[in-house]
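A.B. asks: Contents are compact mmCIF, N, CA, C and O atoms; file name model_39.txt:
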```
# COMPACT_ATOMS: atom_id res chain seq x y z
N MET A 1023 7.79 -23.66 4.86
CA MET A 1023 6.42 -23.25 5.06
C MET A 1023 6.17 -22.00 4.22
O MET A 1023 7.00 -21.11 4.15
N LYS A 1024 5.01 -21.93 3.59
CA LYS A 1024 4.64 -20.76 2.82
C LYS A 1024 3.52 -20.03 3.56
O LYS A 1024 2.55 -20.64 3.99
N ILE A 1025 3.70 -18.73 3.72
CA ILE A 1025 2.72 -17.90 4.42
C ILE A 1025 2.19 -16.88 3.42
O ILE A 1025 2.98 -16.24 2.71
N SER A 1026 0.88 -16.73 3.38
CA SER A 1026 0.29 -15.74 2.47
C SER A 1026 -0.88 -15.07 3.15
O SER A 1026 -1.51 -15.62 4.05
N GLY A 1027 -1.14 -13.86 2.72
CA GLY A 1027 -2.25 -13.10 3.27
C GLY A 1027 -2.64 -11.97 2.34
O GLY A 1027 -1.85 -11.57 1.48
N ASP A 1028 -3.85 -11.51 2.47
CA ASP A 1028 -4.36 -10.41 1.66
C ASP A 1028 -4.74 -9.25 2.57
O ASP A 1028 -5.30 -9.46 3.64
N LEU A 1029 -4.40 -8.06 2.13
CA LEU A 1029 -4.80 -6.83 2.82
C LEU A 1029 -5.60 -5.98 1.84
O LEU A 1029 -5.21 -5.86 0.67
N THR A 1030 -6.66 -5.39 2.31
CA THR A 1030 -7.47 -4.51 1.47
C THR A 1030 -7.64 -3.18 2.19
O THR A 1030 -8.02 -3.15 3.36
N PHE A 1031 -7.32 -2.11 1.47
CA PHE A 1031 -7.51 -0.76 1.98
C PHE A 1031 -8.61 -0.11 1.15
O PHE A 1031 -8.55 -0.11 -0.07
N ILE A 1032 -9.61 0.46 1.82
CA ILE A 1032 -10.73 1.11 1.13
C ILE A 1032 -10.69 2.60 1.48
O ILE A 1032 -10.60 2.97 2.65
N TYR A 1033 -10.77 3.43 0.44
CA TYR A 1033 -10.66 4.88 0.59
C TYR A 1033 -11.97 5.57 0.26
O TYR A 1033 -12.86 4.98 -0.36
N LYS A 1034 -12.06 6.83 0.64
CA LYS A 1034 -13.26 7.61 0.39
C LYS A 1034 -13.49 7.86 -1.10
O LYS A 1034 -14.63 8.02 -1.52
N SER A 1035 -12.39 7.92 -1.86
CA SER A 1035 -12.53 8.20 -3.29
C SER A 1035 -11.48 7.42 -4.09
O SER A 1035 -10.45 7.00 -3.55
N ALA A 1036 -11.78 7.27 -5.36
CA ALA A 1036 -10.82 6.61 -6.26
C ALA A 1036 -9.55 7.44 -6.39
O ALA A 1036 -8.46 6.88 -6.55
N ASP A 1037 -9.68 8.76 -6.33
CA ASP A 1037 -8.50 9.64 -6.42
C ASP A 1037 -7.56 9.42 -5.23
O ASP A 1037 -6.34 9.34 -5.40
N ASP A 1038 -8.12 9.30 -4.03
CA ASP A 1038 -7.29 9.03 -2.84
C ASP A 1038 -6.58 7.69 -2.98
O ASP A 1038 -5.38 7.58 -2.69
N ALA A 1039 -7.31 6.69 -3.42
CA ALA A 1039 -6.72 5.36 -3.59
C ALA A 1039 -5.58 5.40 -4.61
O ALA A 1039 -4.53 4.78 -4.40
N LYS A 1040 -5.76 6.14 -5.68
CA LYS A 1040 -4.73 6.24 -6.72
C LYS A 1040 -3.46 6.91 -6.18
O LYS A 1040 -2.35 6.47 -6.46
N VAL A 1041 -3.62 7.97 -5.41
CA VAL A 1041 -2.47 8.66 -4.82
C VAL A 1041 -1.70 7.71 -3.90
O VAL A 1041 -0.47 7.62 -3.98
N VAL A 1042 -2.41 7.00 -3.04
CA VAL A 1042 -1.76 6.06 -2.12
C VAL A 1042 -1.10 4.93 -2.91
O VAL A 1042 0.06 4.59 -2.66
N PHE A 1043 -1.80 4.37 -3.86
CA PHE A 1043 -1.27 3.28 -4.68
C PHE A 1043 0.02 3.70 -5.37
O PHE A 1043 1.04 3.00 -5.30
N ASP A 1044 -0.01 4.84 -6.04
CA ASP A 1044 1.17 5.32 -6.75
C ASP A 1044 2.33 5.61 -5.80
O ASP A 1044 3.49 5.34 -6.13
N SER A 1045 2.02 6.13 -4.63
CA SER A 1045 3.06 6.45 -3.66
C SER A 1045 3.74 5.20 -3.11
O SER A 1045 4.95 5.19 -2.91
N LEU A 1046 2.97 4.16 -2.88
CA LEU A 1046 3.52 2.95 -2.27
C LEU A 1046 4.07 1.95 -3.29
O LEU A 1046 4.90 1.12 -2.94
N GLU A 1047 3.63 2.04 -4.52
CA GLU A 1047 4.01 1.04 -5.51
C GLU A 1047 5.52 0.99 -5.75
O GLU A 1047 6.08 -0.08 -5.93
N VAL A 1048 6.19 2.12 -5.69
CA VAL A 1048 7.64 2.15 -5.90
C VAL A 1048 8.36 1.29 -4.86
O VAL A 1048 9.25 0.51 -5.20
N ASP A 1049 7.94 1.40 -3.63
CA ASP A 1049 8.58 0.64 -2.54
C ASP A 1049 8.14 -0.82 -2.52
O ASP A 1049 8.87 -1.69 -2.08
N ASN A 1050 6.93 -1.11 -3.00
CA ASN A 1050 6.38 -2.45 -2.94
C ASN A 1050 6.76 -3.33 -4.12
O ASN A 1050 6.60 -4.55 -4.06
N GLU A 1051 7.23 -2.73 -5.18
CA GLU A 1051 7.56 -3.48 -6.39
C GLU A 1051 8.51 -4.62 -6.08
O GLU A 1051 9.48 -4.47 -5.34
N ASN A 1052 8.21 -5.79 -6.59
CA ASN A 1052 8.97 -7.03 -6.42
C ASN A 1052 8.83 -7.66 -5.04
O ASN A 1052 9.42 -8.70 -4.79
N TYR A 1053 8.07 -7.05 -4.12
CA TYR A 1053 7.90 -7.62 -2.79
C TYR A 1053 6.50 -8.20 -2.58
O TYR A 1053 6.32 -9.12 -1.81
N LEU A 1054 5.52 -7.59 -3.23
CA LEU A 1054 4.16 -8.08 -3.10
C LEU A 1054 3.35 -7.67 -4.31
O LEU A 1054 3.73 -6.77 -5.06
N LYS A 1055 2.23 -8.35 -4.50
CA LYS A 1055 1.35 -8.03 -5.62
C LYS A 1055 0.31 -7.03 -5.15
O LYS A 1055 -0.19 -7.13 -4.02
N SER A 1056 0.00 -6.07 -6.01
CA SER A 1056 -0.99 -5.07 -5.64
C SER A 1056 -1.91 -4.78 -6.82
O SER A 1056 -1.49 -4.88 -7.98
N ARG A 1057 -3.16 -4.46 -6.49
CA ARG A 1057 -4.15 -4.13 -7.51
C ARG A 1057 -4.94 -2.92 -7.04
O ARG A 1057 -5.39 -2.87 -5.89
N LEU A 1058 -5.12 -1.98 -7.95
CA LEU A 1058 -5.95 -0.81 -7.69
C LEU A 1058 -7.28 -1.01 -8.40
O LEU A 1058 -7.31 -1.31 -9.59
N ASN A 1059 -8.37 -0.88 -7.65
CA ASN A 1059 -9.70 -1.06 -8.22
C ASN A 1059 -10.62 0.02 -7.66
O ASN A 1059 -11.10 -0.12 -6.53
N ASN A 1060 -10.80 1.07 -8.43
CA ASN A 1060 -11.60 2.22 -8.00
C ASN A 1060 -11.06 2.78 -6.68
O ASN A 1060 -9.96 3.27 -6.65
N ASN A 1061 -11.83 2.70 -5.59
CA ASN A 1061 -11.39 3.28 -4.32
C ASN A 1061 -10.77 2.22 -3.39
O ASN A 1061 -10.65 2.44 -2.20
N THR A 1062 -10.35 1.10 -3.95
CA THR A 1062 -9.81 0.00 -3.16
C THR A 1062 -8.43 -0.41 -3.67
O THR A 1062 -8.20 -0.46 -4.87
N ILE A 1063 -7.53 -0.68 -2.73
CA ILE A 1063 -6.23 -1.26 -3.06
C ILE A 1063 -6.16 -2.63 -2.38
O ILE A 1063 -6.42 -2.74 -1.18
N GLU A 1064 -5.81 -3.63 -3.17
CA GLU A 1064 -5.68 -4.99 -2.64
C GLU A 1064 -4.23 -5.41 -2.73
O GLU A 1064 -3.60 -5.26 -3.77
N TYR A 1065 -3.71 -5.93 -1.63
CA TYR A 1065 -2.32 -6.41 -1.58
C TYR A 1065 -2.31 -7.90 -1.27
O TYR A 1065 -3.07 -8.37 -0.42
N GLU A 1066 -1.45 -8.61 -1.96
CA GLU A 1066 -1.23 -10.03 -1.70
C GLU A 1066 0.21 -10.19 -1.24
O GLU A 1066 1.15 -9.85 -1.96
N VAL A 1067 0.38 -10.68 -0.02
CA VAL A 1067 1.70 -10.83 0.57
C VAL A 1067 2.01 -12.32 0.70
O VAL A 1067 1.20 -13.08 1.24
N ASN A 1068 3.18 -12.73 0.21
CA ASN A 1068 3.63 -14.12 0.29
C ASN A 1068 5.06 -14.14 0.82
O ASN A 1068 5.87 -13.30 0.45
N SER A 1069 5.34 -15.12 1.67
CA SER A 1069 6.68 -15.25 2.21
C SER A 1069 6.94 -16.69 2.63
O SER A 1069 6.00 -17.45 2.88
N GLU A 1070 8.19 -17.02 2.72
CA GLU A 1070 8.60 -18.34 3.20
C GLU A 1070 8.82 -18.35 4.71
O GLU A 1070 8.85 -19.41 5.33
N LYS A 1071 8.96 -17.18 5.31
CA LYS A 1071 9.24 -17.08 6.74
C LYS A 1071 8.23 -16.15 7.41
O LYS A 1071 7.89 -15.09 6.87
N LEU A 1072 7.80 -16.53 8.60
CA LEU A 1072 6.83 -15.72 9.33
C LEU A 1072 7.39 -14.33 9.64
O LEU A 1072 6.69 -13.33 9.49
N GLY A 1073 8.65 -14.25 10.04
CA GLY A 1073 9.26 -12.96 10.36
C GLY A 1073 9.26 -12.02 9.17
O GLY A 1073 8.95 -10.83 9.30
N SER A 1074 9.59 -12.53 8.00
CA SER A 1074 9.59 -11.71 6.78
C SER A 1074 8.18 -11.27 6.42
O SER A 1074 7.95 -10.13 6.01
N PHE A 1075 7.23 -12.19 6.57
CA PHE A 1075 5.83 -11.86 6.29
C PHE A 1075 5.35 -10.73 7.19
O PHE A 1075 4.79 -9.74 6.73
N LEU A 1076 5.58 -10.87 8.49
CA LEU A 1076 5.15 -9.84 9.44
C LEU A 1076 5.85 -8.51 9.21
O LEU A 1076 5.22 -7.45 9.32
N ALA A 1077 7.13 -8.55 8.88
CA ALA A 1077 7.87 -7.31 8.61
C ALA A 1077 7.31 -6.61 7.38
O ALA A 1077 7.17 -5.38 7.36
N THR A 1078 6.99 -7.38 6.35
CA THR A 1078 6.44 -6.80 5.12
C THR A 1078 5.08 -6.16 5.39
O THR A 1078 4.82 -5.02 4.97
N VAL A 1079 4.22 -6.86 6.11
CA VAL A 1079 2.89 -6.32 6.44
C VAL A 1079 3.02 -5.08 7.32
O VAL A 1079 2.34 -4.07 7.09
N ASP A 1080 3.90 -5.13 8.29
CA ASP A 1080 4.12 -3.99 9.18
C ASP A 1080 4.60 -2.77 8.39
O ASP A 1080 4.10 -1.66 8.58
N ASP A 1081 5.57 -2.97 7.51
CA ASP A 1081 6.08 -1.87 6.68
C ASP A 1081 4.99 -1.30 5.78
O ASP A 1081 4.88 -0.08 5.62
N LEU A 1082 4.19 -2.18 5.20
CA LEU A 1082 3.12 -1.74 4.31
C LEU A 1082 2.11 -0.88 5.08
O LEU A 1082 1.74 0.21 4.63
N ILE A 1083 1.68 -1.35 6.23
CA ILE A 1083 0.70 -0.60 7.01
C ILE A 1083 1.27 0.72 7.50
O ILE A 1083 0.61 1.77 7.41
N ALA A 1084 2.50 0.72 7.97
CA ALA A 1084 3.13 1.97 8.44
C ALA A 1084 3.26 2.97 7.30
O ALA A 1084 2.96 4.16 7.47
N SER A 1085 3.66 2.52 6.14
CA SER A 1085 3.81 3.40 4.98
C SER A 1085 2.45 3.93 4.53
O SER A 1085 2.32 5.11 4.19
N GLU A 1086 1.44 3.08 4.56
CA GLU A 1086 0.10 3.49 4.15
C GLU A 1086 -0.42 4.57 5.10
O GLU A 1086 -1.02 5.54 4.66
N ILE A 1087 -0.18 4.43 6.37
CA ILE A 1087 -0.63 5.42 7.35
C ILE A 1087 0.00 6.78 7.07
O ILE A 1087 -0.67 7.82 7.10
N VAL A 1088 1.28 6.79 6.76
CA VAL A 1088 1.98 8.05 6.46
C VAL A 1088 1.38 8.71 5.23
O VAL A 1088 1.07 9.91 5.23
N VAL A 1089 1.21 7.94 4.16
CA VAL A 1089 0.66 8.51 2.92
C VAL A 1089 -0.77 8.98 3.15
O VAL A 1089 -1.16 10.05 2.67
N GLU A 1090 -1.56 8.22 3.87
CA GLU A 1090 -2.94 8.62 4.14
C GLU A 1090 -2.99 9.94 4.91
O GLU A 1090 -3.82 10.81 4.61
N LYS A 1091 -2.10 10.11 5.88
CA LYS A 1091 -2.05 11.38 6.62
C LYS A 1091 -1.66 12.54 5.71
O LYS A 1091 -2.20 13.64 5.83
N ILE A 1092 -0.73 12.31 4.80
CA ILE A 1092 -0.32 13.35 3.85
C ILE A 1092 -1.49 13.74 2.96
O ILE A 1092 -1.74 14.92 2.72
N VAL A 1093 -2.21 12.74 2.46
CA VAL A 1093 -3.39 13.01 1.60
C VAL A 1093 -4.40 13.84 2.37
O VAL A 1093 -4.92 14.83 1.84
N GLU A 1094 -4.68 13.49 3.61
CA GLU A 1094 -5.66 14.23 4.41
C GLU A 1094 -5.18 15.67 4.68
O GLU A 1094 -5.97 16.60 4.62
N LYS A 1095 -3.91 15.84 4.99
CA LYS A 1095 -3.38 17.19 5.27
C LYS A 1095 -3.43 18.08 4.05
O LYS A 1095 -3.66 19.29 4.15
N THR A 1096 -3.17 17.51 2.87
CA THR A 1096 -3.18 18.33 1.65
C THR A 1096 -4.58 18.76 1.25
O THR A 1096 -4.73 19.70 0.48
N LYS A 1097 -5.59 18.11 1.80
CA LYS A 1097 -6.98 18.50 1.50
C LYS A 1097 -7.45 19.65 2.38
O LYS A 1097 -8.45 20.26 2.09
N GLN A 1098 -6.73 19.93 3.45
CA GLN A 1098 -7.16 20.98 4.39
C GLN A 1098 -6.82 22.34 3.89
O GLN A 1098 -5.92 22.62 3.24
```
Kindly return the structure encoded in the file as C-alpha cells.
C.D. replies:
Amino acid sequence: MKISGDLTFIYKSADDAKVVFDSLEVDNENYLKSRLNNNTIEYEVNSEKLGSFLATVDDLIASEIVVEKIVEKTKQ
C-alpha cells in the first residue's frame, strides 16, 4: 500500500518561512519533498507503511513547532 499526503505551513513573512525551511531541510533531505514559495512551505510525504508515514509527519510537525518557537523568541 502506498500512503501519501501534503502538509502546508503558512508564515507571517517570507523571511520566517525561509528560516524554518532552511532549518528543517537538513533533517528532511531524502525523506520527503519540500518546496518554499514566498511565505509558504509545502511538504509531500510518501510511504509504504502507515506507521512510517505517521512517524514522519509527527517528526516534521514537532520539529516545525520547535523552529517556529525559536523564530518567535529571537524577534522579542
A.B. asks: Which residues are close to Ser1035 (chain A), i.e. within 8 Å by only C-alpha atoms, leaving aside same-chain residues fewer than 2 positions away? Reply as an MDAnalysis selection string.
C.D. replies: chainID A and resid 1033 1037:1039 1060:1061
A.B. asks: Could you please give me, as number ranges by chain, the residues of protein, DNA or RNA lying at most 12 Å from (6.4, -12.0, 5.7) in the coordinate frame of the file, considering only C-alpha atoms?
C.D. replies: A: 1023-1028, 1053-1054, 1066-1082
A.B. asks: Please write as a list of chain:residue names the list of polymer residues whose atoms come within 8 Å of (-3.2, -12.9, -7.2), counting all atoms listed in the file and keeping to the coordinates of the file.
C.D. replies: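 Looking at atoms near the point gives A:Lys1055, A:Ser1056, A:Tyr1065, A:Glu1066.
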A.B. asks: Return the single residue from A:Thr1030, A:Glu1090, A:Ile1083, A:Asn1059 that is closest to Val1042 (chain A), with distances computed using all atoms listed in the file.
C.D. replies: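 The closest residue to Val1042 (chain A) is A:Glu1090.
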A.B. asks: Using DSSP assignments from the backbone, pull out every residue in chain A that falls under strand (DSSP E) and give it to me as a list in words.
C.D. replies: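 Written out, the strand (DSSP E) residues of chain A are Ile1025, Ser1026, Gly1027, Asp1028, Leu1029, Thr1030, Phe1031, Ile1032, Lys1055, Ser1056, Arg1057, Leu1058, Asn1059, Thr1062, Ile1063, Glu1064, Tyr1065, Glu1066, Val1067, Asn1068 and Ser1069 of chain A.
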A.B. asks: Find the distance between CA of Gln1098 (chain A) and CA of Ile1063 (chain A) and write it in Å to one decimal.
C.D. replies: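 Distance reported for this atom pair: 23.5 Å.
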A.B. asks: Going by DSSP on the backbone, which residues of chain A come out as helix (DSSP H, G or I)? List them as a ChimeraX atom specification.
C.D. replies: /A:1036-1050,1072-1097
A.B. asks: Check the smallest atom-to-atom distance from each of A:Glu1086, A:Glu1047, A:Glu1064, A:Glu1094 to Leu1029 (chain A) using all atoms listed in the file, then report the winner.
C.D. replies: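 Closest candidate: A:Glu1064.
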